[in-house]
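In what follows, a single structure is set out as structure tokens and then discussed.
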Amino acid sequence: DAKTTQPNSMESNEEEPVHLPCNHSTISGTDYIHWYRQLPSQGPEYVIHGLTSNVNNRMASLAIAEDRKSSTLILHRATLRDAAVYYCILLYSGGGADGLTFGKGTHLIIQP
Amino acid sequence: NAGVMQNPRHLVRRRGQEARLRCSPMKGHSHVYWYRQLPEEGLKFMVYLQKENIIDESGMPKERFSAEFPKEGPSILRIQQVVRGDSAAYFCASSENQGINQPQHFGDGTRLSIL
């Protein structure tokens, strides 16, 4: 199984951009990169996903390295509500189920 | 707001009782996933169901746990003869289609406490 590596925690200031890194050096060509986040006492929330090209949506941007061995989730202007645990997850074809495998994620702290 | 609805939000059971957790997927979604989050641990996949079918139950404990997603009504996760170690948050997610490029939308979970 392709694994991901994320920093345990990161800290940022409110209204500044945040770049959350994820390493996935064993990714294979058809694996999708997904990002979810979990706010305290809530269920996980889908953020964004991509395959090869960079992706943008109303929540965030996903920058994928050319060799696909790493990616970065970008929050353009952090708010206090963005304080959460962020999970980078690979979904691979041929894996049978589409259950998500959550690691420890990155605990993002936003300072006012 | 037609998000994923889970009930009850909190459930208290005594050891040996049965727990039934319900999940109504988002409108138009026919794929349901159950996850468990033990205290101080990450989320673990349990089971994936489509209408009336269990597709993958590789994460489900072999005994006491069962899941269903009938043609009509919510998906049910059933835990028989609960033990203290079943205390956890149970999350349900749904997706519109199957596939590795499909987002999963989660409910806010059921927090199960075993006395």
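Chain identifiers are assigned as A, B, and so on, following the order in which chains appear in the structure tokens; residues are numbered from 1 within each chain, and ligands are numbered from 1 in order of appearance.
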
With a cut-off of 9 Å and counting only C-alpha atoms, select all residues of chain A in contact with chain B and give the selection as a JSON list (two decimals) with C-alpha atoms, in the first residue's frame.
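Final file, out_31.json:
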```
[["chain", "number", "residue", "atom", "x", "y", "z"],
["A", 31, "ASP", "CA", -3.33, 6.55, -7.19],
["A", 32, "TYR", "CA", -5.50, 9.53, -6.35],
["A", 33, "ILE", "CA", -4.43, 12.02, -3.67],
["A", 34, "HIS", "CA", -7.26, 13.01, -1.33],
["A", 41, "SER", "CA", -16.01, 16.84, 17.76],
["A", 42, "GLN", "CA", -17.07, 16.59, 14.12],
["A", 43, "GLY", "CA", -16.87, 14.04, 11.35],
["A", 44, "PRO", "CA", -14.19, 14.30, 8.68],
["A", 45, "GLU", "CA", -14.83, 16.77, 5.89],
["A", 46, "TYR", "CA", -13.74, 16.29, 2.28],
["A", 47, "VAL", "CA", -11.41, 19.08, 1.15],
["A", 48, "ILE", "CA", -10.00, 18.28, -2.28],
["A", 49, "HIS", "CA", -8.51, 15.53, -4.44],
["A", 50, "GLY", "CA", -6.36, 15.22, -7.55],
["A", 51, "LEU", "CA", -4.38, 12.87, -9.75],
["A", 90, "LEU", "CA", -4.01, 7.91, -1.22],
["A", 91, "LEU", "CA", -6.69, 5.88, -2.94],
["A", 92, "TYR", "CA", -5.35, 3.26, -5.30],
["A", 93, "SER", "CA", -7.03, 1.37, -8.06],
["A", 96, "GLY", "CA", -11.04, -3.51, -3.86],
["A", 97, "ALA", "CA", -12.79, -1.35, -1.32],
["A", 98, "ASP", "CA", -12.84, 2.39, -1.41],
["A", 99, "GLY", "CA", -12.49, 2.72, 2.34],
["A", 100, "LEU", "CA", -10.20, 5.56, 3.36],
["A", 101, "THR", "CA", -7.07, 4.81, 5.36],
["A", 102, "PHE", "CA", -6.53, 7.67, 7.81],
["A", 103, "GLY", "CA", -3.07, 8.21, 9.27],
["A", 104, "LYS", "CA", -2.24, 10.58, 12.10],
["A", 105, "GLY", "CA", -2.56, 13.69, 9.94]]
```

If you count only C-alpha atoms, which residues fall within 6 Å of region 70-81 of chain A, apart from same-chain ones fewer than 2 positions away, as JSON, numbers by chain? {"A": [14, 15, 16, 17, 18, 19, 20, 21, 22, 23, 24, 60, 61, 62, 63, 64, 65, 68, 83, 110]}

Just-selected residues, N, CA, C and O atoms written as a JSON list (two decimals), in the first residue's frame:
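Result saved to out_25.json:
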```json
[["chain", "number", "residue", "atom", "x", "y", "z"],
["A", 14, "GLU", "N", -3.75, 33.71, 11.65],
["A", 14, "GLU", "CA", -5.00, 33.99, 10.96],
["A", 14, "GLU", "C", -4.76, 34.94, 9.79],
["A", 14, "GLU", "O", -3.92, 35.82, 9.85],
["A", 15, "GLU", "N", -5.50, 34.71, 8.72],
["A", 15, "GLU", "CA", -5.49, 35.53, 7.50],
["A", 15, "GLU", "C", -4.20, 35.38, 6.69],
["A", 15, "GLU", "O", -4.01, 36.12, 5.73],
["A", 16, "GLU", "N", -3.35, 34.43, 7.05],
["A", 16, "GLU", "CA", -2.16, 34.16, 6.25],
["A", 16, "GLU", "C", -2.34, 32.83, 5.50],
["A", 16, "GLU", "O", -3.12, 31.98, 5.92],
["A", 17, "PRO", "N", -1.60, 32.64, 4.40],
["A", 17, "PRO", "CA", -1.70, 31.35, 3.70],
["A", 17, "PRO", "C", -1.03, 30.24, 4.50],
["A", 17, "PRO", "O", -0.10, 30.49, 5.26],
["A", 18, "VAL", "N", -1.52, 29.03, 4.30],
["A", 18, "VAL", "CA", -0.98, 27.86, 4.97],
["A", 18, "VAL", "C", -0.66, 26.80, 3.90],
["A", 18, "VAL", "O", -1.49, 26.53, 3.03],
["A", 19, "HIS", "N", 0.54, 26.24, 4.00],
["A", 19, "HIS", "CA", 0.95, 25.18, 3.08],
["A", 19, "HIS", "C", 1.17, 23.90, 3.88],
["A", 19, "HIS", "O", 2.12, 23.82, 4.67],
["A", 20, "LEU", "N", 0.34, 22.92, 3.66],
["A", 20, "LEU", "CA", 0.43, 21.66, 4.40],
["A", 20, "LEU", "C", 1.05, 20.60, 3.48],
["A", 20, "LEU", "O", 0.45, 20.21, 2.48],
["A", 21, "PRO", "N", 2.25, 20.10, 3.84],
["A", 21, "PRO", "CA", 2.92, 19.15, 2.95],
["A", 21, "PRO", "C", 2.52, 17.70, 3.21],
["A", 21, "PRO", "O", 2.11, 17.34, 4.31],
["A", 22, "CYS", "N", 2.70, 16.89, 2.18],
["A", 22, "CYS", "CA", 2.47, 15.45, 2.29],
["A", 22, "CYS", "C", 3.44, 14.74, 1.36],
["A", 22, "CYS", "O", 3.53, 15.07, 0.18],
["A", 23, "ASN", "N", 4.17, 13.79, 1.90],
["A", 23, "ASN", "CA", 5.07, 12.97, 1.08],
["A", 23, "ASN", "C", 4.44, 11.62, 0.81],
["A", 23, "ASN", "O", 3.89, 10.99, 1.73],
["A", 24, "HIS", "N", 4.53, 11.19, -0.41],
["A", 24, "HIS", "CA", 4.01, 9.87, -0.80],
["A", 24, "HIS", "C", 4.92, 9.31, -1.88],
["A", 24, "HIS", "O", 4.53, 9.18, -3.05],
["A", 60, "ALA", "N", -9.81, 25.16, -1.00],
["A", 60, "ALA", "CA", -8.35, 25.07, -0.98],
["A", 60, "ALA", "C", -7.81, 24.83, -2.38],
["A", 60, "ALA", "O", -8.57, 24.67, -3.33],
["A", 61, "SER", "N", -6.48, 24.77, -2.46],
["A", 61, "SER", "CA", -5.80, 24.36, -3.68],
["A", 61, "SER", "C", -4.91, 23.17, -3.36],
["A", 61, "SER", "O", -4.42, 23.04, -2.23],
["A", 62, "LEU", "N", -4.72, 22.32, -4.35],
["A", 62, "LEU", "CA", -3.84, 21.16, -4.21],
["A", 62, "LEU", "C", -2.76, 21.27, -5.27],
["A", 62, "LEU", "O", -3.07, 21.30, -6.46],
["A", 63, "ALA", "N", -1.52, 21.36, -4.80],
["A", 63, "ALA", "CA", -0.38, 21.41, -5.70],
["A", 63, "ALA", "C", 0.31, 20.05, -5.67],
["A", 63, "ALA", "O", 0.72, 19.59, -4.59],
["A", 64, "ILE", "N", 0.44, 19.42, -6.81],
["A", 64, "ILE", "CA", 1.02, 18.08, -6.91],
["A", 64, "ILE", "C", 2.36, 18.18, -7.63],
["A", 64, "ILE", "O", 2.44, 18.75, -8.72],
["A", 65, "ALA", "N", 3.39, 17.64, -7.02],
["A", 65, "ALA", "CA", 4.72, 17.69, -7.62],
["A", 65, "ALA", "C", 4.73, 16.95, -8.95],
["A", 65, "ALA", "O", 3.92, 16.04, -9.17],
["A", 68, "ARG", "N", 4.99, 13.42, -8.64],
["A", 68, "ARG", "CA", 3.87, 12.95, -7.81],
["A", 68, "ARG", "C", 4.31, 12.35, -6.47],
["A", 68, "ARG", "O", 3.50, 11.73, -5.79],
["A", 83, "ALA", "N", -8.74, 25.55, 11.92],
["A", 83, "ALA", "CA", -7.99, 24.74, 12.90],
["A", 83, "ALA", "C", -8.60, 23.34, 12.95],
["A", 83, "ALA", "O", -9.78, 23.17, 13.29],
["A", 110, "ILE", "N", -4.18, 27.54, 14.42],
["A", 110, "ILE", "CA", -4.27, 28.91, 13.86],
["A", 110, "ILE", "C", -4.25, 29.90, 15.02],
["A", 110, "ILE", "O", -5.09, 29.84, 15.92]]
```

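Here CA of Cys88 (chain A) is placed at a distance of 17.6 Å from CA of Pro40 (chain A).
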
Which residues are close to His31 (chain B), i.e. within 6 Å by only C-alpha atoms, leaving aside same-chain residues fewer than 4 positions away? Reply as a PDB file with N, CA and C atoms, in the first residue's frame.
```pdb
ATOM      1  N   LEU B  49     -20.862  -0.584   2.020  1.00  0.00           N
ATOM      2  CA  LEU B  49     -22.097  -1.199   1.540  1.00  0.00           C
ATOM      3  C   LEU B  49     -22.692  -0.394   0.398  1.00  0.00           C
ATOM      4  N   GLN B  50     -23.318  -1.105  -0.518  1.00  0.00           N
ATOM      5  CA  GLN B  50     -24.232  -0.497  -1.467  1.00  0.00           C
ATOM      6  C   GLN B  50     -25.617  -1.006  -1.104  1.00  0.00           C
ATOM      7  N   SER B  94     -21.011   8.739   2.949  1.00  0.00           N
ATOM      8  CA  SER B  94     -21.662   8.273   1.733  1.00  0.00           C
ATOM      9  C   SER B  94     -21.021   8.906   0.512  1.00  0.00           C
ATOM     10  N   SER B  95     -21.169   8.218  -0.606  1.00  0.00           N
ATOM     11  CA  SER B  95     -20.698   8.771  -1.879  1.00  0.00           C
ATOM     12  C   SER B  95     -21.736   8.468  -2.949  1.00  0.00           C
TER      13      SER B  95
END
```

For region 18-30 of chain B, work out the shell of residues within 7 Å, counting only C-alpha atoms and skipping chain neighbours fewer than 2 positions away, then give it as a PyMOL selection string. chain B and resi 2-8+16+32+50-51+74-82+92+94-96

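Computed from the coordinates, the CA of Ala84 (chain A) to CA of Leu39 (chain A) distance equals 4.5 Å.
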